[in-house]
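Shown next, in structure tokens, is the structure this report addresses.
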Amino acid sequence: MMEKEVSISTKYGTQPGFAVCPSAPGMYAPVILFMDAPGMREELRNMARRIARAGYYCLLPDLYYRLGTLRFDVPRRNEAMSVLIRGAMASLSNAEVLDDTYGMLGFLDAQEQAAPGPVGAIGHCMSGPFVVNAAAHLPRVAAVAALYGVNMVTDKPDSPHLVADKIQGEVYAAFAEIDPAVPSDVVPTFRNAMERANVAAHVDVVPGTHHGFCFAARNDYHPRAAEAVWEDIMAMFMRRLHGQ
């Protein structure tokens with residue numbers, strides 16, 4: 001594997017990130033891994049490495065870069081840390097992250113190992129809306145996975161479900177069965193929006209799961225469900241990023 005810390009040029013400045021891809025010669029379809037609220041950490045780098053081992057060029061950007069360098073010691077999370085994490089999460093907007101995504105695509109275009117053409121994206125938790133918004137505004141973002149996304153349906157004009165008619169690619173949204181951060185109306189409203197817009201979308205509630213079930217380091221990790229989600233995402237990437 002080839003991996004490195006990178007700098008991404010955006011309209012707001014320089015965004016740090018982590019990039020990893022197979023070491024064998026060749027070009028690999030790009031996948032952007034958008035972080036969840038606890039931010040950059042080794043757990044996410046390991047997830048990026050797994051994506052790369054599947055044959056992709058994975059870019060993990062630091063979405064909190066406007067706030068400086070934020071690193072949370074998640075295993076020692078307490079209420080004080082949670083307050084800071086929620087504040088950092090609230091500092092981001094769909095529009096700002098979309099602007100950043102243009103910079104990410106520019107970065108990928110400059111990498112000799114990253115194939116031109118369609119791009120995939122995965123967003124956990126707070127980044128669920130970010131990947132759906134990217135698919136709506138950037139046709140090149142052809143396959144997105146939103147995993148237990150929060151704020152997927154809101155009363156704001158930039159709510160992800162309101163841009164469904166702009167999505168040309170495929171959307172996979174997997175929600176946890178038990179998630180206090182996702183009101184009961186979110187899943188049916190989001191699913192209906194995708195159906196009305198004729199989006200190639202799979203919106204699922206995964207039985208027996210809690211928010212964060214894809215992260216192996218968490219108490220709510222659900223190995224069987226996490227692996228099933230992984231398989232669904234990889235199948236979507238194969239369809240949309242490789243034309244198979």
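Chain identifiers are assigned as A, B, and so on, following the order in which chains appear in the structure tokens; residues are numbered from 1 within each chain, and ligands are numbered from 1 in order of appearance.
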Dump as JSON lines the rows for residues of stretch 100-203 of chain A within 12 Å of stretch 39-47 of chain A: closest atom pair and distance in Å with one decimal, only C-alpha atoms counted, ordered by chain and rising residue number.
{"residue": "A:Ile122", "atom": "CA", "partner": "A:Met47", "partner_atom": "CA", "distance": 10.6}
{"residue": "A:Gly123", "atom": "CA", "partner": "A:Leu44", "partner_atom": "CA", "distance": 11.2}
{"residue": "A:His124", "atom": "CA", "partner": "A:Leu44", "partner_atom": "CA", "distance": 10.4}
{"residue": "A:Cys125", "atom": "CA", "partner": "A:Gly39", "partner_atom": "CA", "distance": 11.0}
{"residue": "A:Met126", "atom": "CA", "partner": "A:Gly39", "partner_atom": "CA", "distance": 10.3}
{"residue": "A:Ser127", "atom": "CA", "partner": "A:Gly39", "partner_atom": "CA", "distance": 10.7}
Can you spit out the residues from that selection as a PDB file, in the first residue's frame, using all heavy atoms?
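Generated file (result-v9.pdb):
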ATOM      1  N   ILE A 122     -18.206   8.072   0.693  1.00  0.00           N
ATOM      2  CA  ILE A 122     -18.832   7.448   1.852  1.00  0.00           C
ATOM      3  C   ILE A 122     -18.870   8.479   2.973  1.00  0.00           C
ATOM      4  O   ILE A 122     -17.861   9.137   3.248  1.00  0.00           O
ATOM      5  CB  ILE A 122     -18.049   6.207   2.327  1.00  0.00           C
ATOM      6  CG1 ILE A 122     -17.959   5.158   1.208  1.00  0.00           C
ATOM      7  CG2 ILE A 122     -18.687   5.602   3.577  1.00  0.00           C
ATOM      8  CD1 ILE A 122     -17.067   3.974   1.548  1.00  0.00           C
ATOM      9  N   GLY A 123     -20.029   8.609   3.596  1.00  0.00           N
ATOM     10  CA  GLY A 123     -20.164   9.546   4.702  1.00  0.00           C
ATOM     11  C   GLY A 123     -20.871   8.909   5.878  1.00  0.00           C
ATOM     12  O   GLY A 123     -21.988   8.410   5.740  1.00  0.00           O
ATOM     13  N   HIS A 124     -20.217   8.897   7.032  1.00  0.00           N
ATOM     14  CA  HIS A 124     -20.823   8.393   8.262  1.00  0.00           C
ATOM     15  C   HIS A 124     -21.385   9.559   9.067  1.00  0.00           C
ATOM     16  O   HIS A 124     -20.801  10.642   9.111  1.00  0.00           O
ATOM     17  CB  HIS A 124     -19.779   7.681   9.125  1.00  0.00           C
ATOM     18  CG  HIS A 124     -19.232   6.428   8.512  1.00  0.00           C
ATOM     19  ND1 HIS A 124     -19.657   5.179   8.884  1.00  0.00           N
ATOM     20  CD2 HIS A 124     -18.297   6.235   7.552  1.00  0.00           C
ATOM     21  CE1 HIS A 124     -19.009   4.266   8.190  1.00  0.00           C
ATOM     22  NE2 HIS A 124     -18.168   4.876   7.373  1.00  0.00           N
ATOM     23  N   CYS A 125     -22.523   9.333   9.725  1.00  0.00           N
ATOM     24  CA  CYS A 125     -23.053  10.285  10.699  1.00  0.00           C
ATOM     25  C   CYS A 125     -23.252  11.672  10.080  1.00  0.00           C
ATOM     26  O   CYS A 125     -24.040  11.834   9.166  1.00  0.00           O
ATOM     27  CB  CYS A 125     -22.121  10.313  11.908  1.00  0.00           C
ATOM     28  SG  CYS A 125     -22.606  11.398  13.252  1.00  0.00           S
ATOM     29  N   MET A 126     -22.511  12.667  10.530  1.00  0.00           N
ATOM     30  CA  MET A 126     -22.713  14.035  10.062  1.00  0.00           C
ATOM     31  C   MET A 126     -22.445  14.189   8.577  1.00  0.00           C
ATOM     32  O   MET A 126     -22.916  15.143   7.942  1.00  0.00           O
ATOM     33  CB  MET A 126     -21.819  15.009  10.823  1.00  0.00           C
ATOM     34  CG  MET A 126     -20.352  14.940  10.462  1.00  0.00           C
ATOM     35  SD  MET A 126     -19.418  16.294  11.209  1.00  0.00           S
ATOM     36  CE  MET A 126     -17.804  16.031  10.465  1.00  0.00           C
ATOM     37  N   SER A 127     -21.694  13.257   7.993  1.00  0.00           N
ATOM     38  CA  SER A 127     -21.325  13.392   6.588  1.00  0.00           C
ATOM     39  C   SER A 127     -22.318  12.735   5.633  1.00  0.00           C
ATOM     40  O   SER A 127     -22.134  12.820   4.415  1.00  0.00           O
ATOM     41  CB  SER A 127     -19.918  12.824   6.353  1.00  0.00           C
ATOM     42  OG  SER A 127     -18.948  13.678   6.915  1.00  0.00           O
TER      43      SER A 127
END
Give me, as an mmCIF file with all heavy atoms, in the first residue's frame, all polymer residues having an atom no more than 9 Å from stretch 54-56 of chain A, counting only C-alpha atoms and skipping those fewer than 3 positions away in the same chain.
data_model
loop_
_atom_site.group_PDB
_atom_site.id
_atom_site.type_symbol
_atom_site.label_atom_id
_atom_site.label_comp_id
_atom_site.auth_asym_id
_atom_site.auth_seq_id
_atom_site.Cartn_x
_atom_site.Cartn_y
_atom_site.Cartn_z
ATOM 1 N N VAL A 20 -4.498 7.031 0.415
ATOM 2 C CA VAL A 20 -3.931 5.683 0.382
ATOM 3 C C VAL A 20 -4.458 4.949 -0.839
ATOM 4 O O VAL A 20 -5.602 5.134 -1.246
ATOM 5 C CB VAL A 20 -4.270 4.913 1.687
ATOM 6 C CG1 VAL A 20 -5.769 4.849 1.924
ATOM 7 C CG2 VAL A 20 -3.659 3.522 1.692
ATOM 8 N N CYS A 21 -3.586 4.143 -1.454
ATOM 9 C CA CYS A 21 -3.972 3.359 -2.628
ATOM 10 C C CYS A 21 -3.075 2.132 -2.720
ATOM 11 O O CYS A 21 -2.045 2.051 -2.034
ATOM 12 C CB CYS A 21 -3.884 4.190 -3.900
ATOM 13 S SG CYS A 21 -2.213 4.632 -4.387
ATOM 14 N N PRO A 22 -3.429 1.171 -3.547
ATOM 15 C CA PRO A 22 -2.558 0.009 -3.731
ATOM 16 C C PRO A 22 -1.190 0.436 -4.272
ATOM 17 O O PRO A 22 -1.076 1.437 -4.992
ATOM 18 C CB PRO A 22 -3.315 -0.843 -4.754
ATOM 19 C CG PRO A 22 -4.747 -0.440 -4.597
ATOM 20 C CD PRO A 22 -4.702 1.028 -4.284
ATOM 21 N N MET A 27 -3.873 2.799 -12.235
ATOM 22 C CA MET A 27 -4.739 3.879 -11.781
ATOM 23 C C MET A 27 -5.973 3.260 -11.141
ATOM 24 O O MET A 27 -6.511 2.253 -11.616
ATOM 25 C CB MET A 27 -5.137 4.783 -12.957
ATOM 26 C CG MET A 27 -3.948 5.413 -13.665
ATOM 27 S SD MET A 27 -4.450 6.555 -14.988
ATOM 28 C CE MET A 27 -4.936 7.982 -14.014
ATOM 29 N N TYR A 28 -6.417 3.885 -10.074
ATOM 30 C CA TYR A 28 -7.476 3.320 -9.265
ATOM 31 C C TYR A 28 -8.630 4.322 -9.125
ATOM 32 O O TYR A 28 -8.409 5.520 -8.920
ATOM 33 C CB TYR A 28 -6.937 2.940 -7.891
ATOM 34 C CG TYR A 28 -5.796 1.950 -7.984
ATOM 35 C CD1 TYR A 28 -4.466 2.388 -8.011
ATOM 36 C CD2 TYR A 28 -6.049 0.591 -8.100
ATOM 37 C CE1 TYR A 28 -3.422 1.484 -8.125
ATOM 38 C CE2 TYR A 28 -5.004 -0.326 -8.216
ATOM 39 C CZ TYR A 28 -3.696 0.128 -8.226
ATOM 40 O OH TYR A 28 -2.662 -0.773 -8.356
ATOM 41 N N ALA A 29 -9.842 3.815 -9.233
ATOM 42 C CA ALA A 29 -11.014 4.679 -9.102
ATOM 43 C C ALA A 29 -10.992 5.370 -7.741
ATOM 44 O O ALA A 29 -10.734 4.733 -6.718
ATOM 45 C CB ALA A 29 -12.288 3.857 -9.272
ATOM 46 N N PRO A 30 -11.289 6.673 -7.691
ATOM 47 C CA PRO A 30 -11.193 7.416 -6.434
ATOM 48 C C PRO A 30 -12.453 7.262 -5.568
ATOM 49 O O PRO A 30 -13.577 7.208 -6.073
ATOM 50 C CB PRO A 30 -11.043 8.874 -6.894
ATOM 51 C CG PRO A 30 -10.867 8.837 -8.375
ATOM 52 C CD PRO A 30 -11.498 7.571 -8.836
ATOM 53 N N VAL A 31 -12.217 7.214 -4.280
ATOM 54 C CA VAL A 31 -13.289 7.223 -3.288
ATOM 55 C C VAL A 31 -12.909 8.229 -2.213
ATOM 56 O O VAL A 31 -11.791 8.187 -1.685
ATOM 57 C CB VAL A 31 -13.492 5.832 -2.656
ATOM 58 C CG1 VAL A 31 -14.484 5.914 -1.487
ATOM 59 C CG2 VAL A 31 -13.973 4.825 -3.693
ATOM 60 N N ARG A 49 -7.738 2.584 4.528
ATOM 61 C CA ARG A 49 -6.842 1.519 4.068
ATOM 62 C C ARG A 49 -7.638 0.321 3.551
ATOM 63 O O ARG A 49 -7.275 -0.314 2.565
ATOM 64 C CB ARG A 49 -5.910 1.094 5.204
ATOM 65 C CG ARG A 49 -4.907 2.182 5.601
ATOM 66 C CD ARG A 49 -4.030 1.743 6.762
ATOM 67 N NE ARG A 49 -3.079 2.793 7.131
ATOM 68 C CZ ARG A 49 -3.095 3.448 8.293
ATOM 69 N NH1 ARG A 49 -3.997 3.147 9.220
ATOM 70 N NH2 ARG A 49 -2.220 4.407 8.528
ATOM 71 N N ARG A 50 -8.735 0.026 4.210
ATOM 72 C CA ARG A 50 -9.563 -1.087 3.742
ATOM 73 C C ARG A 50 -10.153 -0.790 2.365
ATOM 74 O O ARG A 50 -10.198 -1.653 1.498
ATOM 75 C CB ARG A 50 -10.685 -1.373 4.740
ATOM 76 C CG ARG A 50 -11.583 -2.498 4.262
ATOM 77 C CD ARG A 50 -12.559 -2.969 5.311
ATOM 78 N NE ARG A 50 -13.327 -4.085 4.789
ATOM 79 C CZ ARG A 50 -14.213 -4.785 5.486
ATOM 80 N NH1 ARG A 50 -14.429 -4.491 6.751
ATOM 81 N NH2 ARG A 50 -14.867 -5.786 4.932
ATOM 82 N N ILE A 51 -10.599 0.438 2.164
ATOM 83 C CA ILE A 51 -11.121 0.834 0.857
ATOM 84 C C ILE A 51 -10.036 0.698 -0.202
ATOM 85 O O ILE A 51 -10.268 0.198 -1.310
ATOM 86 C CB ILE A 51 -11.664 2.277 0.923
ATOM 87 C CG1 ILE A 51 -12.890 2.328 1.842
ATOM 88 C CG2 ILE A 51 -12.010 2.802 -0.466
ATOM 89 C CD1 ILE A 51 -13.328 3.727 2.211
ATOM 90 N N ALA A 114 -4.686 8.061 -9.264
ATOM 91 C CA ALA A 114 -6.146 8.194 -9.209
ATOM 92 C C ALA A 114 -6.705 8.268 -10.628
ATOM 93 O O ALA A 114 -6.308 9.121 -11.422
ATOM 94 C CB ALA A 114 -6.539 9.438 -8.430
ATOM 95 N N MET A 234 -19.449 -1.882 -1.839
ATOM 96 C CA MET A 234 -18.496 -2.317 -2.854
ATOM 97 C C MET A 234 -19.200 -2.736 -4.144
ATOM 98 O O MET A 234 -18.698 -2.485 -5.250
ATOM 99 C CB MET A 234 -17.649 -3.462 -2.315
ATOM 100 C CG MET A 234 -16.666 -3.077 -1.227
ATOM 101 S SD MET A 234 -15.429 -1.848 -1.768
ATOM 102 C CE MET A 234 -16.032 -0.367 -0.938
#
Using only C-alpha atoms, the shortest atom-to-atom distance to A:Val132 among A:Lys166, A:Arg76, A:Arg53, A:His222 belongs to A:Lys166
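Every protein, DNA or RNA residue with an atom at most 12 Å from A:Pro188, where only C-alpha atoms count and chain neighbours fewer than 6 positions away do not, is listed here: A:Met152, A:Val153, A:His161, A:Ala173, A:Phe175, A:Val182, A:Met194, A:Glu195, A:Arg196, A:Val203, A:Asp204, A:Val205.
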Limited to N, CA, C and O atoms, could you put the picked residues into a file as a CSV table (one decimal), in the first residue's frame?
chain,number,residue,atom,x,y,z
A,152,MET,N,-30.5,14.3,7.6
A,152,MET,CA,-30.8,13.9,6.2
A,152,MET,C,-32.1,14.5,5.7
A,152,MET,O,-32.4,14.6,4.6
A,153,VAL,N,-33.0,14.8,6.7
A,153,VAL,CA,-34.3,15.5,6.4
A,153,VAL,C,-34.4,16.6,7.5
A,153,VAL,O,-34.5,16.3,8.7
A,161,HIS,N,-32.9,15.8,1.3
A,161,HIS,CA,-34.0,15.2,0.6
A,161,HIS,C,-34.6,16.1,-0.5
A,161,HIS,O,-35.3,15.7,-1.4
A,173,ALA,N,-28.3,4.5,1.3
A,173,ALA,CA,-28.5,5.0,2.6
A,173,ALA,C,-28.8,3.9,3.6
A,173,ALA,O,-29.9,3.3,3.5
A,175,PHE,N,-29.6,3.2,7.5
A,175,PHE,CA,-29.9,3.8,8.8
A,175,PHE,C,-29.9,2.7,9.9
A,175,PHE,O,-30.2,1.6,9.6
A,182,VAL,N,-32.0,10.3,14.8
A,182,VAL,CA,-32.8,10.2,13.5
A,182,VAL,C,-34.3,10.1,13.9
A,182,VAL,O,-34.7,9.0,14.3
A,194,MET,N,-36.4,10.1,-2.8
A,194,MET,CA,-35.6,9.4,-3.8
A,194,MET,C,-36.5,8.7,-4.8
A,194,MET,O,-36.2,8.8,-6.0
A,195,GLU,N,-37.5,8.1,-4.4
A,195,GLU,CA,-38.5,7.5,-5.3
A,195,GLU,C,-39.1,8.4,-6.2
A,195,GLU,O,-39.2,8.2,-7.5
A,196,ARG,N,-39.6,9.6,-5.7
A,196,ARG,CA,-40.3,10.6,-6.6
A,196,ARG,C,-39.3,11.1,-7.6
A,196,ARG,O,-39.7,11.4,-8.7
A,203,VAL,N,-32.5,2.6,0.2
A,203,VAL,CA,-32.6,3.2,1.5
A,203,VAL,C,-33.1,2.1,2.5
A,203,VAL,O,-34.2,1.5,2.3
A,204,ASP,N,-32.2,1.8,3.5
A,204,ASP,CA,-32.5,0.6,4.3
A,204,ASP,C,-32.3,1.0,5.8
A,204,ASP,O,-31.6,1.9,6.1
A,205,VAL,N,-33.1,0.3,6.6
A,205,VAL,CA,-33.0,0.3,8.1
A,205,VAL,C,-32.4,-1.0,8.5
A,205,VAL,O,-33.0,-2.0,8.2
Here atom CA of A:Glu112 and atom CA of A:Gly26 stand apart by 8.5 Å
What's around A:Val83 at 12 Å? Count only C-alpha atoms, leave out sequence neighbours fewer than 6 positions away in its own chain, and write the answer as a PyMOL selection string. chain A and resi 37-38+72+77+89-90
Quick one: pick out all strand (DSSP E or B) residues within stretch 75-185 of chain A from a backbone DSSP run and write them as a list in words. Ala114, Val119, Gly120, Ala121, Ile122, Gly123, His124, Val141, Ala142, Ala143, Val144, Ala145, Ala146, Leu147, Glu170, Val171, Tyr172, Ala173, Ala174, Phe175, Ala176, Glu177 and Ile178 of chain A
Save out the residues we just selected, N, CA, C and O atoms, as a compact mmCIF listing (two decimals), in the first residue's frame.
# COMPACT_ATOMS: atom_id res chain seq x y z
N ALA A 114 -4.69 8.06 -9.26
CA ALA A 114 -6.15 8.19 -9.21
C ALA A 114 -6.71 8.27 -10.63
O ALA A 114 -6.31 9.12 -11.42
N VAL A 119 -16.38 9.22 -9.34
CA VAL A 119 -15.83 9.19 -7.99
C VAL A 119 -16.91 8.64 -7.05
O VAL A 119 -18.09 8.96 -7.21
N GLY A 120 -16.49 7.86 -6.08
CA GLY A 120 -17.39 7.39 -5.04
C GLY A 120 -17.18 8.17 -3.76
O GLY A 120 -16.15 8.84 -3.58
N ALA A 121 -18.15 8.12 -2.86
CA ALA A 121 -18.03 8.82 -1.59
C ALA A 121 -18.78 8.06 -0.51
O ALA A 121 -19.84 7.49 -0.76
N ILE A 122 -18.21 8.07 0.69
CA ILE A 122 -18.83 7.45 1.85
C ILE A 122 -18.87 8.48 2.97
O ILE A 122 -17.86 9.14 3.25
N GLY A 123 -20.03 8.61 3.60
CA GLY A 123 -20.16 9.55 4.70
C GLY A 123 -20.87 8.91 5.88
O GLY A 123 -21.99 8.41 5.74
N HIS A 124 -20.22 8.90 7.03
CA HIS A 124 -20.82 8.39 8.26
C HIS A 124 -21.38 9.56 9.07
O HIS A 124 -20.80 10.64 9.11
N VAL A 141 -19.58 12.71 -9.03
CA VAL A 141 -19.73 11.89 -7.83
C VAL A 141 -20.89 10.94 -8.09
O VAL A 141 -22.05 11.27 -7.91
N ALA A 142 -20.54 9.74 -8.55
CA ALA A 142 -21.52 8.85 -9.17
C ALA A 142 -22.09 7.79 -8.24
O ALA A 142 -23.05 7.11 -8.60
N ALA A 143 -21.51 7.63 -7.06
CA ALA A 143 -21.98 6.60 -6.13
C ALA A 143 -21.66 7.04 -4.71
O ALA A 143 -20.49 7.25 -4.38
N VAL A 144 -22.69 7.19 -3.88
CA VAL A 144 -22.47 7.66 -2.52
C VAL A 144 -23.18 6.76 -1.52
O VAL A 144 -24.28 6.25 -1.78
N ALA A 145 -22.53 6.58 -0.39
CA ALA A 145 -23.10 5.80 0.71
C ALA A 145 -23.20 6.69 1.93
O ALA A 145 -22.19 7.24 2.39
N ALA A 146 -24.41 6.85 2.45
CA ALA A 146 -24.66 7.62 3.66
C ALA A 146 -25.04 6.64 4.76
O ALA A 146 -26.08 5.98 4.68
N LEU A 147 -24.18 6.52 5.77
CA LEU A 147 -24.37 5.51 6.80
C LEU A 147 -24.79 6.16 8.11
O LEU A 147 -24.08 7.02 8.63
N GLU A 170 -25.94 7.01 -8.04
CA GLU A 170 -26.62 6.04 -7.17
C GLU A 170 -26.38 6.41 -5.70
O GLU A 170 -25.30 6.87 -5.33
N VAL A 171 -27.41 6.19 -4.90
CA VAL A 171 -27.36 6.51 -3.48
C VAL A 171 -27.68 5.26 -2.67
O VAL A 171 -28.67 4.56 -2.93
N TYR A 172 -26.84 4.97 -1.69
CA TYR A 172 -27.10 3.91 -0.73
C TYR A 172 -27.15 4.55 0.65
O TYR A 172 -26.17 5.16 1.09
N ALA A 173 -28.29 4.46 1.31
CA ALA A 173 -28.45 5.04 2.64
C ALA A 173 -28.85 3.94 3.61
O ALA A 173 -29.91 3.33 3.46
N ALA A 174 -28.00 3.68 4.59
CA ALA A 174 -28.26 2.66 5.59
C ALA A 174 -28.41 3.34 6.95
O ALA A 174 -27.47 3.98 7.43
N PHE A 175 -29.58 3.20 7.53
CA PHE A 175 -29.86 3.80 8.83
C PHE A 175 -29.85 2.71 9.91
O PHE A 175 -30.17 1.55 9.65
N ALA A 176 -29.49 3.10 11.12
CA ALA A 176 -29.56 2.18 12.25
C ALA A 176 -31.01 2.04 12.71
O ALA A 176 -31.80 2.98 12.62
N GLU A 177 -31.34 0.87 13.20
CA GLU A 177 -32.71 0.66 13.69
C GLU A 177 -32.97 1.52 14.92
O GLU A 177 -34.07 2.04 15.10
N ILE A 178 -31.96 1.65 15.77
CA ILE A 178 -32.10 2.45 16.99
C ILE A 178 -31.13 3.61 16.92
O ILE A 178 -29.91 3.42 16.98
Can you work out the spacing between atom CA of A:Leu33 and atom CA of A:Pro116 in Å, to one decimal? 17.4 Å
Could you state the separation of atom CA of A:Asn133 and atom CA of A:Leu162 in Å, given to one decimal place?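 The value is 9.6 Å.
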Find the residues around A:Tyr12 up to 10 Å (only C-alpha atoms counted), leave out those fewer than 4 positions away in its own chain, and share them as a VMD selection string. chain A and resid 65 to 66 96 99 to 100 103
For those residues, write all heavy atoms to a file as a short mmCIF file (atom, residue, chain, number, x, y, z; two decimals), in the first residue's frame.
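So result-v1.cif came out as:
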data_model
loop_
_atom_site.label_atom_id
_atom_site.label_comp_id
_atom_site.auth_asym_id
_atom_site.auth_seq_id
_atom_site.Cartn_x
_atom_site.Cartn_y
_atom_site.Cartn_z
N TYR A 65 -10.77 21.66 9.17
CA TYR A 65 -9.54 22.44 9.03
C TYR A 65 -9.75 23.93 9.23
O TYR A 65 -8.81 24.65 9.60
CB TYR A 65 -8.91 22.18 7.66
CG TYR A 65 -9.62 22.79 6.47
CD1 TYR A 65 -9.14 23.94 5.85
CD2 TYR A 65 -10.79 22.22 5.97
CE1 TYR A 65 -9.79 24.49 4.75
CE2 TYR A 65 -11.44 22.77 4.88
CZ TYR A 65 -10.94 23.90 4.27
OH TYR A 65 -11.60 24.45 3.20
N ARG A 66 -10.96 24.43 9.02
CA ARG A 66 -11.21 25.87 9.26
C ARG A 66 -11.04 26.24 10.73
O ARG A 66 -10.86 27.41 11.07
CB ARG A 66 -12.62 26.25 8.79
CG ARG A 66 -12.83 26.16 7.29
CD ARG A 66 -14.30 26.44 6.95
NE ARG A 66 -14.57 26.29 5.55
CZ ARG A 66 -14.81 25.14 4.93
NH1 ARG A 66 -14.78 24.01 5.65
NH2 ARG A 66 -15.06 25.09 3.65
N GLU A 96 -20.33 24.75 2.55
CA GLU A 96 -18.88 24.79 2.76
C GLU A 96 -18.23 23.46 2.37
O GLU A 96 -17.18 23.44 1.71
CB GLU A 96 -18.57 25.11 4.22
CG GLU A 96 -18.83 26.55 4.60
CD GLU A 96 -18.65 26.79 6.08
OE1 GLU A 96 -18.77 25.84 6.87
OE2 GLU A 96 -18.40 27.96 6.46
N ASP A 99 -18.08 23.14 -1.34
CA ASP A 99 -16.95 23.91 -1.86
C ASP A 99 -15.65 23.13 -1.67
O ASP A 99 -14.80 23.09 -2.57
CB ASP A 99 -16.84 25.26 -1.14
CG ASP A 99 -17.88 26.27 -1.63
OD1 ASP A 99 -18.42 26.08 -2.73
OD2 ASP A 99 -18.14 27.24 -0.89
N ASP A 100 -15.49 22.52 -0.50
CA ASP A 100 -14.29 21.73 -0.26
C ASP A 100 -14.18 20.56 -1.23
O ASP A 100 -13.08 20.18 -1.65
CB ASP A 100 -14.29 21.19 1.17
CG ASP A 100 -14.08 22.27 2.22
OD1 ASP A 100 -13.67 23.38 1.86
OD2 ASP A 100 -14.35 21.98 3.41
N GLY A 103 -12.36 21.14 -4.31
CA GLY A 103 -10.92 21.05 -4.10
C GLY A 103 -10.44 19.62 -4.04
O GLY A 103 -9.36 19.28 -4.55
#
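Proximity of A:Lys156, A:Arg86, A:Arg240, A:Arg218 to A:Gln168, computed with only C-alpha atoms, is greatest for A:Arg240.
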Rank A:Ala201, A:Val150, A:Cys214, A:Ile167 by their smallest atom-to-atom distance to A:Pro183, using only C-alpha atoms, and report the top residue only. A:Val150
As a VMD selection string, please: all residues of stretch 139-218 of chain A that backbone DSSP puts in alpha helix (DSSP H). chain A and resid 186 to 196
